[in-house]
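Peer 1: So here's model_4.pdb (PDB, C-alpha atoms).
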```
MODEL        1
ATOM      1  CA  MET A   1     -12.794 -25.006  -2.724
ATOM      2  CA  THR A   2     -11.451 -25.978  -6.118
ATOM      3  CA  ASP A   3     -14.720 -25.153  -7.873
ATOM      4  CA  ILE A   4     -13.543 -21.592  -8.614
ATOM      5  CA  PRO A   5     -11.061 -21.482 -11.507
ATOM      6  CA  ILE A   6      -7.772 -19.779 -10.757
ATOM      7  CA  SER A   7      -8.366 -17.216 -13.509
ATOM      8  CA  HIS A   8     -11.188 -15.681 -11.440
ATOM      9  CA  PHE A   9      -8.781 -14.954  -8.591
ATOM     10  CA  LEU A  10      -6.358 -13.491 -11.099
ATOM     11  CA  PHE A  11      -9.196 -11.359 -12.496
ATOM     12  CA  VAL A  12      -9.677  -9.809  -9.050
ATOM     13  CA  SER A  13      -5.961  -9.142  -8.548
ATOM     14  CA  THR A  14      -5.443  -7.792 -12.083
ATOM     15  CA  ALA A  15      -8.449  -5.484 -11.771
ATOM     16  CA  LEU A  16      -7.220  -4.267  -8.381
ATOM     17  CA  PHE A  17      -3.767  -3.587  -9.825
ATOM     18  CA  PHE A  18      -5.164  -1.488 -12.670
ATOM     19  CA  ILE A  19      -7.554   0.376 -10.362
ATOM     20  CA  GLY A  20      -4.451   1.342  -8.388
ATOM     21  CA  MET A  21      -2.732   2.404 -11.614
ATOM     22  CA  TYR A  22      -5.738   4.573 -12.502
ATOM     23  CA  GLY A  23      -5.498   6.270  -9.117
ATOM     24  CA  LEU A  24      -1.784   6.831  -9.607
ATOM     25  CA  PHE A  25      -2.404   8.402 -13.043
ATOM     26  CA  THR A  26      -5.227  10.756 -12.082
ATOM     27  CA  ARG A  27      -4.438  11.872  -8.528
ATOM     28  CA  ARG A  28      -2.080  14.715  -7.771
ATOM     29  CA  ASN A  29      -2.322  14.573  -3.984
ATOM     30  CA  MET A  30       0.533  12.660  -2.377
ATOM     31  CA  ILE A  31      -1.567  10.892   0.259
ATOM     32  CA  THR A  32      -4.049   9.559  -2.298
ATOM     33  CA  MET A  33      -1.172   8.409  -4.498
ATOM     34  CA  LEU A  34       0.181   6.510  -1.492
ATOM     35  CA  MET A  35      -3.239   4.852  -1.100
ATOM     36  CA  SER A  36      -3.108   3.737  -4.752
ATOM     37  CA  ILE A  37       0.294   2.186  -4.132
ATOM     38  CA  GLU A  38      -1.166   0.243  -1.206
ATOM     39  CA  LEU A  39      -3.877  -1.122  -3.517
ATOM     40  CA  ILE A  40      -1.237  -2.248  -6.036
ATOM     41  CA  LEU A  41       0.811  -4.003  -3.349
ATOM     42  CA  ASN A  42      -2.315  -5.776  -2.088
ATOM     43  CA  SER A  43      -3.122  -7.083  -5.547
ATOM     44  CA  VAL A  44       0.376  -8.570  -5.723
ATOM     45  CA  ASN A  45      -0.165 -10.222  -2.329
ATOM     46  CA  ILE A  46      -3.384 -11.871  -3.521
ATOM     47  CA  ASN A  47      -1.470 -13.261  -6.516
ATOM     48  CA  PHE A  48       1.266 -14.736  -4.334
ATOM     49  CA  VAL A  49      -1.152 -16.426  -1.938
ATOM     50  CA  VAL A  50      -3.348 -17.863  -4.709
ATOM     51  CA  PHE A  51      -0.411 -19.206  -6.724
ATOM     52  CA  ASN A  52       1.044 -20.758  -3.576
ATOM     53  CA  LYS A  53      -2.233 -22.396  -2.627
ATOM     54  CA  TYR A  54      -3.311 -23.732  -6.023
ATOM     55  CA  LEU A  55      -0.145 -24.369  -8.019
ATOM     56  CA  TYR A  56       2.511 -25.241  -5.422
ATOM     57  CA  PRO A  57       0.591 -26.465  -2.374
ATOM     58  CA  ASP A  58       3.564 -28.356  -0.923
ATOM     59  CA  LYS A  59       5.653 -25.192  -0.518
ATOM     60  CA  LEU A  60       5.308 -22.046   1.570
ATOM     61  CA  ASP A  61       7.306 -19.515  -0.457
ATOM     62  CA  GLY A  62       4.275 -17.465  -1.557
ATOM     63  CA  ILE A  63       3.286 -16.938   2.056
ATOM     64  CA  PHE A  64       6.805 -15.759   2.923
ATOM     65  CA  PHE A  65       6.815 -13.305   0.045
ATOM     66  CA  THR A  66       3.440 -11.978   1.196
ATOM     67  CA  ILE A  67       4.708 -11.488   4.735
ATOM     68  CA  PHE A  68       7.820  -9.650   3.509
ATOM     69  CA  ILE A  69       5.772  -7.452   1.167
ATOM     70  CA  ILE A  70       3.429  -6.475   4.003
ATOM     71  CA  THR A  71       6.424  -5.606   6.210
ATOM     72  CA  ILE A  72       8.083  -3.498   3.544
ATOM     73  CA  ALA A  73       4.777  -1.780   2.716
ATOM     74  CA  ALA A  74       4.434  -0.727   6.362
ATOM     75  CA  ALA A  75       7.980   0.685   6.425
ATOM     76  CA  GLU A  76       7.404   2.433   3.094
ATOM     77  CA  ALA A  77       4.165   4.031   4.274
ATOM     78  CA  ALA A  78       5.843   5.315   7.437
ATOM     79  CA  VAL A  79       8.755   6.884   5.532
ATOM     80  CA  ALA A  80       6.432   8.347   2.885
ATOM     81  CA  ILE A  81       4.208   9.965   5.492
ATOM     82  CA  ALA A  82       7.232  11.425   7.312
ATOM     83  CA  ILE A  83       8.375  12.960   4.012
ATOM     84  CA  ILE A  84       4.857  14.249   3.235
ATOM     85  CA  ILE A  85       4.518  15.926   6.632
ATOM     86  CA  ASN A  86       7.952  17.504   6.305
ATOM     87  CA  LEU A  87       7.045  18.751   2.816
ATOM     88  CA  TYR A  88       3.786  20.185   4.151
ATOM     89  CA  ARG A  89       5.733  22.107   6.798
ATOM     90  CA  SER A  90       7.962  23.787   4.250
ATOM     91  CA  HIS A  91       5.562  24.181   1.279
ATOM     92  CA  ARG A  92       2.082  24.317   2.925
ATOM     93  CA  SER A  93       0.876  21.892   0.249
ATOM     94  CA  ILE A  94       1.192  18.196  -0.557
ATOM     95  CA  ASP A  95       0.466  18.463  -4.251
ATOM     96  CA  VAL A  96       3.129  16.810  -6.393
ATOM     97  CA  GLU A  97       3.133  19.765  -8.793
ATOM     98  CA  THR A  98       4.303  22.144  -6.069
ATOM     99  CA  ALA A  99       7.217  19.937  -5.020
ATOM    100  CA  GLU A 100       9.174  20.469  -8.188
ATOM    101  CA  GLU A 101      12.325  22.055  -6.759
ATOM    102  CA  MET A 102      13.254  18.698  -5.272
ATOM    103  CA  LYS A 103      14.507  17.934  -8.767
ATOM    104  CA  TYR A 104      17.540  20.217  -8.498
TER     105      TYR A 104
ATOM    106  CA  MET B   1     -23.687 -22.602  -7.491
ATOM    107  CA  THR B   2     -22.643 -23.415  -3.963
ATOM    108  CA  ALA B   3     -22.652 -21.033  -1.020
ATOM    109  CA  SER B   4     -18.841 -20.897  -1.036
ATOM    110  CA  GLN B   5     -18.814 -19.695  -4.654
ATOM    111  CA  ILE B   6     -21.453 -17.060  -3.927
ATOM    112  CA  ILE B   7     -19.395 -15.780  -0.986
ATOM    113  CA  PHE B   8     -16.306 -15.559  -3.193
ATOM    114  CA  TYR B   9     -18.075 -13.500  -5.856
ATOM    115  CA  ILE B  10     -19.616 -11.196  -3.236
ATOM    116  CA  LEU B  11     -16.158 -10.646  -1.715
ATOM    117  CA  ALA B  12     -14.633  -9.959  -5.131
ATOM    118  CA  ALA B  13     -17.340  -7.438  -6.032
ATOM    119  CA  PHE B  14     -16.946  -5.775  -2.620
ATOM    120  CA  ILE B  15     -13.152  -5.449  -2.996
ATOM    121  CA  LEU B  16     -13.310  -4.044  -6.522
ATOM    122  CA  GLY B  17     -16.265  -1.717  -5.854
ATOM    123  CA  THR B  18     -14.738  -0.129  -2.770
ATOM    124  CA  ALA B  19     -11.353   0.162  -4.527
ATOM    125  CA  ILE B  20     -12.993   2.036  -7.428
ATOM    126  CA  PHE B  21     -14.742   4.384  -4.993
ATOM    127  CA  SER B  22     -11.431   4.890  -3.211
ATOM    128  CA  VAL B  23      -9.649   6.157  -6.317
ATOM    129  CA  THR B  24     -12.542   8.223  -7.734
ATOM    130  CA  THR B  25     -14.088  10.082  -4.802
ATOM    131  CA  THR B  26     -13.121  13.736  -4.475
ATOM    132  CA  LYS B  27     -13.093  13.898  -0.673
ATOM    133  CA  ILE B  28      -9.807  12.644   0.691
ATOM    134  CA  PHE B  29     -11.158  11.377   3.996
ATOM    135  CA  ARG B  30     -13.838   9.313   2.239
ATOM    136  CA  SER B  31     -11.125   7.934  -0.016
ATOM    137  CA  ALA B  32      -9.235   6.683   3.054
ATOM    138  CA  ILE B  33     -12.384   5.069   4.466
ATOM    139  CA  TRP B  34     -13.130   3.293   1.164
ATOM    140  CA  LEU B  35      -9.534   2.048   1.153
ATOM    141  CA  LEU B  36     -10.131   0.697   4.664
ATOM    142  CA  PHE B  37     -13.158  -1.288   3.439
ATOM    143  CA  SER B  38     -11.223  -2.609   0.453
ATOM    144  CA  LEU B  39      -8.409  -3.860   2.709
ATOM    145  CA  ILE B  40     -10.939  -5.530   5.015
ATOM    146  CA  GLY B  41     -12.454  -7.228   1.948
ATOM    147  CA  ILE B  42      -9.012  -8.533   0.976
ATOM    148  CA  ALA B  43      -8.577  -9.894   4.512
ATOM    149  CA  GLY B  44     -11.953 -11.616   4.035
ATOM    150  CA  LEU B  45     -10.655 -13.140   0.808
ATOM    151  CA  TYR B  46      -7.664 -14.548   2.705
ATOM    152  CA  PHE B  47     -10.067 -16.026   5.262
ATOM    153  CA  TRP B  48     -12.008 -17.560   2.377
ATOM    154  CA  LEU B  49      -8.761 -19.083   1.050
ATOM    155  CA  GLU B  50      -8.165 -20.541   4.540
ATOM    156  CA  VAL B  51      -4.835 -18.788   5.117
ATOM    157  CA  GLU B  52      -5.942 -17.272   8.398
ATOM    158  CA  PHE B  53      -2.429 -16.219   9.406
ATOM    159  CA  ILE B  54      -2.052 -13.881   6.420
ATOM    160  CA  ALA B  55      -5.579 -12.570   7.021
ATOM    161  CA  ALA B  56      -4.689 -11.731  10.628
ATOM    162  CA  VAL B  57      -1.442 -10.048   9.557
ATOM    163  CA  GLN B  58      -3.376  -8.098   6.904
ATOM    164  CA  ILE B  59      -5.863  -6.787   9.470
ATOM    165  CA  VAL B  60      -3.217  -5.959  12.074
ATOM    166  CA  VAL B  61      -0.721  -4.246   9.766
ATOM    167  CA  TYR B  62      -2.878  -2.678   7.053
ATOM    168  CA  VAL B  63      -6.173  -1.900   8.738
ATOM    169  CA  GLY B  64      -4.739  -1.263  12.185
ATOM    170  CA  GLY B  65      -1.500   0.405  11.149
ATOM    171  CA  ILE B  66      -1.243   1.889   7.686
ATOM    172  CA  VAL B  67      -4.797   3.207   7.299
ATOM    173  CA  VAL B  68      -4.691   4.799  10.757
ATOM    174  CA  LEU B  69      -1.356   6.407   9.822
ATOM    175  CA  ILE B  70      -2.868   7.719   6.564
ATOM    176  CA  ILE B  71      -5.902   9.158   8.389
ATOM    177  CA  PHE B  72      -3.609  10.862  10.906
ATOM    178  CA  SER B  73      -1.583  12.436   8.138
ATOM    179  CA  ILE B  74      -4.782  13.622   6.418
ATOM    180  CA  PHE B  75      -5.807  15.364   9.634
ATOM    181  CA  LEU B  76      -2.344  16.892  10.016
ATOM    182  CA  THR B  77      -2.056  18.218   6.486
ATOM    183  CA  GLN B  78      -5.481  19.414   5.341
ATOM    184  CA  GLN B  79      -9.136  19.954   6.071
ATOM    185  CA  SER B  80     -10.812  16.597   5.683
ATOM    186  CA  GLY B  81     -14.028  17.933   4.190
ATOM    187  CA  LYS B  82     -12.308  19.906   1.444
ATOM    188  CA  GLU B  83     -13.055  18.823  -2.117
ATOM    189  CA  MET B  84     -10.084  17.806  -4.206
ATOM    190  CA  LEU B  85      -9.892  18.986  -7.791
ATOM    191  CA  ARG B  86     -11.173  16.594 -10.401
ATOM    192  CA  PRO B  87      -8.522  15.565 -12.932
ATOM    193  CA  PRO B  88      -8.652  17.393 -16.270
ATOM    194  CA  MET B  89     -10.897  15.737 -18.854
ATOM    195  CA  MET B  90      -8.069  14.743 -21.184
ATOM    196  CA  ARG B  91      -6.038  13.130 -18.434
ATOM    197  CA  GLY B  92      -9.070  11.220 -17.151
ATOM    198  CA  ILE B  93      -9.916   9.800 -20.568
ATOM    199  CA  ALA B  94      -6.288   8.932 -21.318
ATOM    200  CA  SER B  95      -5.901   7.189 -17.939
ATOM    201  CA  VAL B  96      -9.100   5.166 -18.421
ATOM    202  CA  LEU B  97      -7.989   4.080 -21.880
ATOM    203  CA  ALA B  98      -4.487   3.150 -20.745
ATOM    204  CA  VAL B  99      -5.818   1.183 -17.788
ATOM    205  CA  LEU B 100      -8.451  -0.628 -19.872
ATOM    206  CA  PHE B 101      -5.941  -1.644 -22.552
ATOM    207  CA  GLY B 102      -3.456  -2.790 -19.926
ATOM    208  CA  PHE B 103      -6.119  -4.801 -18.156
ATOM    209  CA  ALA B 104      -7.369  -6.361 -21.398
ATOM    210  CA  LEU B 105      -3.857  -7.402 -22.449
ATOM    211  CA  THR B 106      -2.950  -8.848 -19.050
ATOM    212  CA  TYR B 107      -6.198 -10.717 -18.624
ATOM    213  CA  PHE B 108      -5.987 -12.061 -22.181
ATOM    214  CA  LEU B 109      -2.572 -13.547 -21.371
ATOM    215  CA  ILE B 110      -3.890 -15.034 -18.118
ATOM    216  CA  TYR B 111      -6.931 -16.464 -19.879
ATOM    217  CA  LYS B 112      -4.820 -18.097 -22.606
ATOM    218  CA  ASN B 113      -2.434 -19.694 -20.138
ATOM    219  CA  ASP B 114      -3.595 -22.940 -18.584
ATOM    220  CA  PHE B 115      -2.337 -23.281 -15.054
ATOM    221  CA  LYS B 116      -1.471 -26.758 -13.858
ATOM    222  CA  ALA B 117      -2.955 -27.146 -10.417
ATOM    223  CA  GLY B 118      -0.879 -29.018  -7.860
ATOM    224  CA  ASP B 119      -2.406 -32.300  -6.763
ATOM    225  CA  LYS B 120      -1.402 -32.184  -3.103
ATOM    226  CA  SER B 121      -3.473 -30.492  -0.452
ATOM    227  CA  PHE B 122      -2.294 -27.190   0.911
ATOM    228  CA  ASN B 123      -1.414 -27.481   4.568
ATOM    229  CA  TRP B 124       0.347 -24.785   6.452
ATOM    230  CA  SER B 125       0.634 -24.043  10.135
ATOM    231  CA  VAL B 126       2.110 -21.175  12.072
ATOM    232  CA  SER B 127       4.815 -23.458  13.487
ATOM    233  CA  LYS B 128       5.819 -24.555   9.964
ATOM    234  CA  ILE B 129       6.027 -20.924   8.855
ATOM    235  CA  GLY B 130       8.085 -20.003  11.911
ATOM    236  CA  ASN B 131      10.491 -22.911  11.534
ATOM    237  CA  GLN B 132      11.121 -22.213   7.874
ATOM    238  CA  MET B 133      11.392 -18.470   8.488
ATOM    239  CA  LEU B 134      14.347 -18.923  10.849
ATOM    240  CA  ALA B 135      15.968 -21.932   9.139
ATOM    241  CA  THR B 136      19.444 -21.390   7.748
ATOM    242  CA  GLY B 137      19.613 -24.457   5.500
ATOM    243  CA  GLU B 138      17.976 -25.047   2.150
ATOM    244  CA  ASN B 139      14.640 -23.217   1.710
ATOM    245  CA  GLY B 140      15.367 -21.274   4.879
ATOM    246  CA  TYR B 141      14.462 -17.602   5.103
ATOM    247  CA  ALA B 142      16.862 -16.513   7.852
ATOM    248  CA  LEU B 143      18.835 -14.119   5.628
ATOM    249  CA  PRO B 144      15.790 -12.225   4.225
ATOM    250  CA  PHE B 145      14.434 -12.076   7.766
ATOM    251  CA  GLU B 146      17.609 -10.348   8.989
ATOM    252  CA  VAL B 147      17.692  -8.027   5.968
ATOM    253  CA  VAL B 148      14.092  -6.989   6.611
ATOM    254  CA  SER B 149      14.829  -6.357  10.282
ATOM    255  CA  ILE B 150      17.736  -4.054   9.311
ATOM    256  CA  LEU B 151      15.424  -2.328   6.812
ATOM    257  CA  LEU B 152      12.811  -1.714   9.516
ATOM    258  CA  LEU B 153      15.466  -0.265  11.830
ATOM    259  CA  ALA B 154      16.734   1.992   9.034
ATOM    260  CA  ALA B 155      13.176   3.109   8.200
ATOM    261  CA  MET B 156      12.476   3.926  11.859
ATOM    262  CA  VAL B 157      15.663   5.989  12.240
ATOM    263  CA  GLY B 158      15.014   7.649   8.881
ATOM    264  CA  CYS B 159      11.453   8.653   9.841
ATOM    265  CA  ILE B 160      12.678  10.230  13.071
ATOM    266  CA  VAL B 161      15.444  12.141  11.283
ATOM    267  CA  ILE B 162      13.092  13.390   8.543
ATOM    268  CA  ALA B 163      10.187  14.409  10.751
ATOM    269  CA  ILE B 164      12.110  15.864  13.723
ATOM    270  CA  LYS B 165      11.654  19.556  14.415
ATOM    271  CA  VAL B 166      14.674  21.815  14.184
ATOM    272  CA  PRO B 167      15.379  23.217  17.669
ATOM    273  CA  VAL B 168      14.677  26.945  17.879
ATOM    274  CA  GLU B 169      17.089  29.269  19.702
ATOM    275  CA  VAL B 170      15.047  32.437  20.155
ATOM    276  CA  SER B 171      14.243  34.693  23.088
ATOM    277  CA  SER B 172      10.821  34.224  24.592
ATOM    278  CA  THR B 173       9.804  37.792  23.607
ATOM    279  CA  GLY B 174      10.037  37.090  19.867
ATOM    280  CA  THR B 175       6.773  36.945  17.959
ATOM    281  CA  LYS B 176       5.653  33.968  15.994
ATOM    282  CA  GLU B 177       6.766  35.418  12.658
ATOM    283  CA  GLN B 178      10.228  36.059  14.011
ATOM    284  CA  LYS B 179      10.383  32.498  15.223
ATOM    285  CA  GLN B 180       9.367  31.283  11.777
ATOM    286  CA  ASP B 181      12.078  33.460  10.219
ATOM    287  CA  ASN B 182      14.601  32.106  12.658
ATOM    288  CA  ILE B 183      13.649  28.550  11.762
ATOM    289  CA  GLU B 184      14.137  29.324   8.092
ATOM    290  CA  ASN B 185      17.470  31.051   8.722
ATOM    291  CA  LEU B 186      18.596  28.108  10.794
ATOM    292  CA  ARG B 187      17.619  25.731   8.017
ATOM    293  CA  ASP B 188      19.470  27.797   5.413
ATOM    294  CA  LYS B 189      22.540  27.881   7.632
ATOM    295  CA  GLN B 190      22.370  24.131   8.059
ATOM    296  CA  ILE B 191      22.045  23.601   4.328
ATOM    297  CA  VAL B 192      25.069  25.857   3.681
ATOM    298  CA  GLU B 193      27.061  24.043   6.333
ATOM    299  CA  GLY B 194      26.010  20.760   4.843
ATOM    300  CA  LEU B 195      27.290  21.837   1.466
TER     301      LEU B 195
ENDMDL
END
```
What do you get writing this file as structure tokens?

Peer 2:
Amino acid sequence: MTDIPISHFLFVSTALFFIGMYGLFTRRNMITMLMSIELILNSVNINFVVFNKYLYPDKLDGIFFTIFIITIAAAEAAVAIAIIINLYRSHRSIDVETAEEMKY
Amino acid sequence: MTASQIIFYILAAFILGTAIFSVTTTKIFRSAIWLLFSLIGIAGLYFWLEVEFIAAVQIVVYVGGIVVLIIFSIFLTQQSGKEMLRPPMMRGIASVLAVLFGFALTYFLIYKNDFKAGDKSFNWSVSKIGNQMLATGENGYALPFEVVSILLLAAMVGCIVIAIKVPVEVSSTGTKEQKQDNIENLRDKQIVEGL
């Protein structure tokens, strides 16, 4: 169990975070950008659980933060998809470049 | 190298590989399926860490809820087999460079820092989590629990308000285009009234 150094877990979560950032930079489709955000949130969850387990094993705060992040991610995905579907109804497209009049 | 270590590295490679496929493939439906595999791999990592409760929550909420929601919205908004445009060359190169530098900096800082491992053993149970979640004293999470429940209620009401269809008042003889026009007129009227 303890034979894997903690930096290897952090390698996985850091790499996952930056893969999500890459997706956020290159994609212009709203649904795929939402998927990248889910990847980023998951990398944060891995960090919380690993820190809780290896550095502060007598506490449970990392697990609570993970549970709250998962809850908020579900709510966020639901609201985002409602907005995307509404945008598709009025614009016939879910590209972020075509949604520019929301600025004004 | 023990079997447990080998399983960890296989899981890590699986998570990262499927995540990379998920952000680079040009077909949106395949992207969602790769994301599904990546989330299952993360649930496997939680099982490996022996926090089975979080693994179960991960599978129920992410794999069973969010990915299904995303696939539904893909079917509602576009043809699933359609190719998405590749990003322009300059943007791709700039993104790769930015991401690589960010990763190198962050991992350098992590590598330099020596983490002091706790000496106790990690023991959790669902009853401990539940008791602390609803405790009001020190280290209790009753207030965040209530705040999150209000947030979920607000998100549910907000989704219904955003996605609801505007009721159409049109005679049954009107054609489809007329109905569409009426919807737009109704929306404009509502916006003006709102202002």

Peer 1: Write out as a list in words which residues come within 9 Å of A:Thr32 when counting only C-alpha atoms, dropping same-chain ones fewer than 4 positions away.

Peer 2: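 Returned residues: Gly23, Leu24, Arg27, Arg28, Ser36 and Ile37 of chain A; Ser22, Val23, Ile28, Ser31 and Ala32 of chain B.
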
Peer 1: Excluding B:Phe108 and any residue of its chain fewer than 6 positions from it, enumerate the residues within 12 Å of it, using all atoms listed in the file, and give them as a list in words.

Peer 2: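 Near B:Phe108, the qualifying residues are Ser7, Leu10, Phe11 and Thr14 of chain A; Leu100, Phe101, Gly102 and Asp114 of chain B.
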
Peer 1: With distances taken over all atoms listed in the file, which residue among B:Val99, B:Met90, B:Ile7, B:Val157 lies nearest chain A?

Peer 2: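 Result for the nearest residue to chain A: B:Val99.
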
Peer 1: Between B:Ala163, B:Ile40, B:Ala142, B:Ala13, which has the minimum distance to chain A (counting all atoms listed in the file)?

Peer 2: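 Using all atoms listed in the file, the shortest distance to chain A belongs to B:Ala163.
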
Peer 1: Kindly assemble as CSV a list of the chain B residues that lie within 7 Å of chain A, each paired with its nearest atom pair and their distance in Å to one decimal, using only C-alpha atoms, sorted first by chain and then by ascending residue number.

Peer 2:
```
residue,atom,partner,partner_atom,distance
B:Gln5,CA,A:Ile4,CA,6.9
B:Ala12,CA,A:Val12,CA,6.3
B:Leu16,CA,A:Leu16,CA,6.4
B:Ala19,CA,A:Ile19,CA,7.0
B:Ile20,CA,A:Ile19,CA,6.4
B:Val23,CA,A:Gly23,CA,5.0
B:Ile66,CA,A:Ala74,CA,6.4
B:Ser73,CA,A:Ile81,CA,6.8
B:Thr77,CA,A:Tyr88,CA,6.6
B:Pro87,CA,A:Thr26,CA,5.9
B:Arg91,CA,A:Thr26,CA,6.8
B:Gly92,CA,A:Thr26,CA,6.4
B:Ser95,CA,A:Tyr22,CA,6.0
B:Val96,CA,A:Tyr22,CA,6.8
B:Val99,CA,A:Phe18,CA,5.8
B:Phe103,CA,A:Phe18,CA,6.5
B:Tyr107,CA,A:Phe11,CA,6.9
B:Ile110,CA,A:Ser7,CA,6.8
B:Tyr111,CA,A:Ser7,CA,6.6
B:Lys116,CA,A:Leu55,CA,6.4
B:Ala117,CA,A:Leu55,CA,4.6
B:Gly118,CA,A:Leu55,CA,4.7
B:Lys120,CA,A:Pro57,CA,6.1
B:Ser121,CA,A:Pro57,CA,6.0
B:Phe122,CA,A:Pro57,CA,4.4
B:Leu152,CA,A:Ala75,CA,6.2
B:Ala155,CA,A:Ala75,CA,6.0
B:Cys159,CA,A:Val79,CA,5.4
B:Ile162,CA,A:Ala82,CA,6.3
B:Ala163,CA,A:Ala82,CA,5.4
```
